[in-house]
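Peer 1: Following this line is upload08.cif, made up of mmCIF, C-alpha atoms:
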data_work
#
loop_
_atom_site.group_PDB
_atom_site.id
_atom_site.type_symbol
_atom_site.label_atom_id
_atom_site.label_comp_id
_atom_site.auth_asym_id
_atom_site.auth_seq_id
_atom_site.Cartn_x
_atom_site.Cartn_y
_atom_site.Cartn_z
ATOM 1 C CA MET A 1 0.000 0.000 0.000
ATOM 2 C CA SER A 2 1.251 3.447 -0.865
ATOM 3 C CA PHE A 3 0.511 6.360 1.438
ATOM 4 C CA LEU A 4 -0.364 9.767 0.030
ATOM 5 C CA PHE A 5 0.261 12.974 1.953
ATOM 6 C CA ALA A 6 -1.225 16.459 1.921
ATOM 7 C CA ILE A 7 -1.214 19.474 4.211
ATOM 8 C CA ASP A 8 -4.263 21.290 5.556
ATOM 9 C CA PRO A 9 -2.832 24.761 6.179
ATOM 10 C CA LYS A 10 -5.900 25.971 8.094
ATOM 11 C CA THR A 11 -5.692 23.260 10.759
ATOM 12 C CA GLU A 12 -1.933 22.652 10.412
ATOM 13 C CA GLU A 13 -2.475 18.937 9.936
ATOM 14 C CA THR A 14 -0.913 16.320 7.719
ATOM 15 C CA ILE A 15 -3.615 14.390 5.871
ATOM 16 C CA VAL A 16 -2.701 10.761 5.257
ATOM 17 C CA SER A 17 -4.502 8.686 2.650
ATOM 18 C CA ALA A 18 -3.695 5.410 0.933
ATOM 19 C CA SER A 19 -4.113 3.815 -2.456
ATOM 20 C CA GLN A 20 -3.585 0.251 -3.576
ATOM 21 C CA PRO A 21 -1.143 -0.126 -6.498
ATOM 22 C CA GLY A 22 -3.034 0.101 -9.790
ATOM 23 C CA SER A 23 -6.153 1.517 -8.157
ATOM 24 C CA ASN A 24 -7.724 4.937 -8.652
ATOM 25 C CA LYS A 25 -9.475 4.718 -5.271
ATOM 26 C CA ILE A 26 -8.017 6.767 -2.430
ATOM 27 C CA ASP A 27 -8.940 5.949 1.158
ATOM 28 C CA PHE A 28 -8.620 8.478 3.970
ATOM 29 C CA ILE A 29 -6.444 7.145 6.821
ATOM 30 C CA GLU A 30 -5.987 9.934 9.367
ATOM 31 C CA ARG A 31 -5.075 13.512 10.175
ATOM 32 C CA ILE A 32 -1.958 14.184 12.241
ATOM 33 C CA SER A 33 -1.531 17.578 13.865
ATOM 34 C CA ARG A 34 1.690 19.493 13.413
ATOM 35 C CA HIS A 35 2.152 19.390 17.200
ATOM 36 C CA GLU A 36 1.861 15.596 17.208
ATOM 37 C CA ASN A 37 4.489 15.058 14.483
ATOM 38 C CA GLY A 38 6.233 18.209 13.288
ATOM 39 C CA VAL A 39 8.880 16.271 11.379
ATOM 40 C CA LEU A 40 6.254 14.632 9.156
ATOM 41 C CA PHE A 41 4.479 17.958 8.690
ATOM 42 C CA ASP A 42 7.709 19.657 7.581
ATOM 43 C CA ALA A 43 8.618 16.738 5.296
ATOM 44 C CA VAL A 44 5.244 16.943 3.549
ATOM 45 C CA ILE A 45 5.681 20.720 3.186
ATOM 46 C CA THR A 46 8.996 19.989 1.431
ATOM 47 C CA LEU A 47 7.374 17.304 -0.734
ATOM 48 C CA THR A 48 4.698 19.787 -1.759
ATOM 49 C CA SER A 49 7.259 22.471 -2.579
ATOM 50 C CA ILE A 50 9.099 20.002 -4.830
ATOM 51 C CA THR A 51 5.904 19.478 -6.849
ATOM 52 C CA ASN A 52 5.558 23.245 -7.280
ATOM 53 C CA ALA A 53 9.146 23.796 -8.444
ATOM 54 C CA ASP A 54 9.679 25.385 -11.849
ATOM 55 C CA GLU A 55 11.963 22.510 -12.810
ATOM 56 C CA PHE A 56 10.185 19.458 -11.387
ATOM 57 C CA ASP A 57 12.560 16.526 -10.864
ATOM 58 C CA ILE A 58 10.824 13.149 -10.463
ATOM 59 C CA LYS A 59 13.886 11.555 -8.828
ATOM 60 C CA ILE A 60 13.952 14.178 -6.095
ATOM 61 C CA PHE A 61 10.185 13.889 -5.664
ATOM 62 C CA LYS A 62 10.362 10.098 -5.272
ATOM 63 C CA ALA A 63 13.229 10.387 -2.794
ATOM 64 C CA MET A 64 11.309 12.908 -0.672
ATOM 65 C CA ASP A 65 8.153 10.805 -0.898
ATOM 66 C CA LYS A 66 10.154 7.853 0.429
ATOM 67 C CA VAL A 67 11.322 10.025 3.335
ATOM 68 C CA CYS A 68 7.690 10.890 4.106
ATOM 69 C CA GLN A 69 6.732 7.198 3.913
ATOM 70 C CA LEU A 70 9.528 6.303 6.355
ATOM 71 C CA ILE A 71 8.639 9.065 8.811
ATOM 72 C CA TYR A 72 4.986 8.031 8.740
ATOM 73 C CA GLY A 73 5.921 4.373 9.234
ATOM 74 C CA LYS A 74 7.993 5.310 12.284
ATOM 75 C CA HIS A 75 5.103 7.439 13.564
ATOM 76 C CA LYS A 76 2.772 4.423 13.360
ATOM 77 C CA GLU A 77 5.273 2.277 15.314
ATOM 78 C CA ILE A 78 5.385 4.820 18.138
ATOM 79 C CA VAL A 79 1.674 5.633 18.346
#
Show me the file's structure as structure tokens.
Peer 2:
Amino acid sequence: MSFLFAIDPKTEETIVSASQPGSNKIDFIERISRHENGVLFDAVITLTSITNADEFDIKIFKAMDKVCQLIYGKHKEIV
């Protein structure tokens, strides 16, 4: 399963969703407040900024996405 990340700037939360490989369906997983996991929040901010770059680089995006996946995985182990 691949996790998808977004930021809700109004509530300062990381929104975590998931999608099965090859599926167009996205399932909501949870919202994590910035205060609960600031490292994940900042990583997703960076991931988002990479997508908005004038010269988008897919390798950098995939590397940062992997970082977000790892941080979220660690978060789930702790919680």
Peer 1: What does the PyMOL selection byres ((chain A and resi 16) around 8) select in this file, as an NGL selection string?
Peer 2: :A and (3-6 or 14-15 or 17-18 or 28-32)
Peer 1: For the provided coordinates, the residues matched by the PyMOL selection byres ((chain A and resi 66-75) around 7) should be stated as a list of chain:residue names.
Peer 2: A:Phe3, A:Leu40, A:Ala43, A:Val44, A:Lys62, A:Ala63, A:Met64, A:Asp65, A:Lys76, A:Glu77, A:Ile78, A:Val79
Peer 1: Using only C-alpha atoms for the distances, tell me which of A:Ser2, A:Asn52, A:Leu47, A:Phe61 is nearest to Asn24 of chain A.
Peer 2: A:Ser2
Peer 1: Determine, counting only C-alpha atoms, every residue of protein, DNA or RNA that lies within 12 Å of (3.5, 21.2, 14.0) in the file coordinates, then give the result as a PyMOL selection string.
Peer 2: chain A and resi 7-9+11-14+32-45
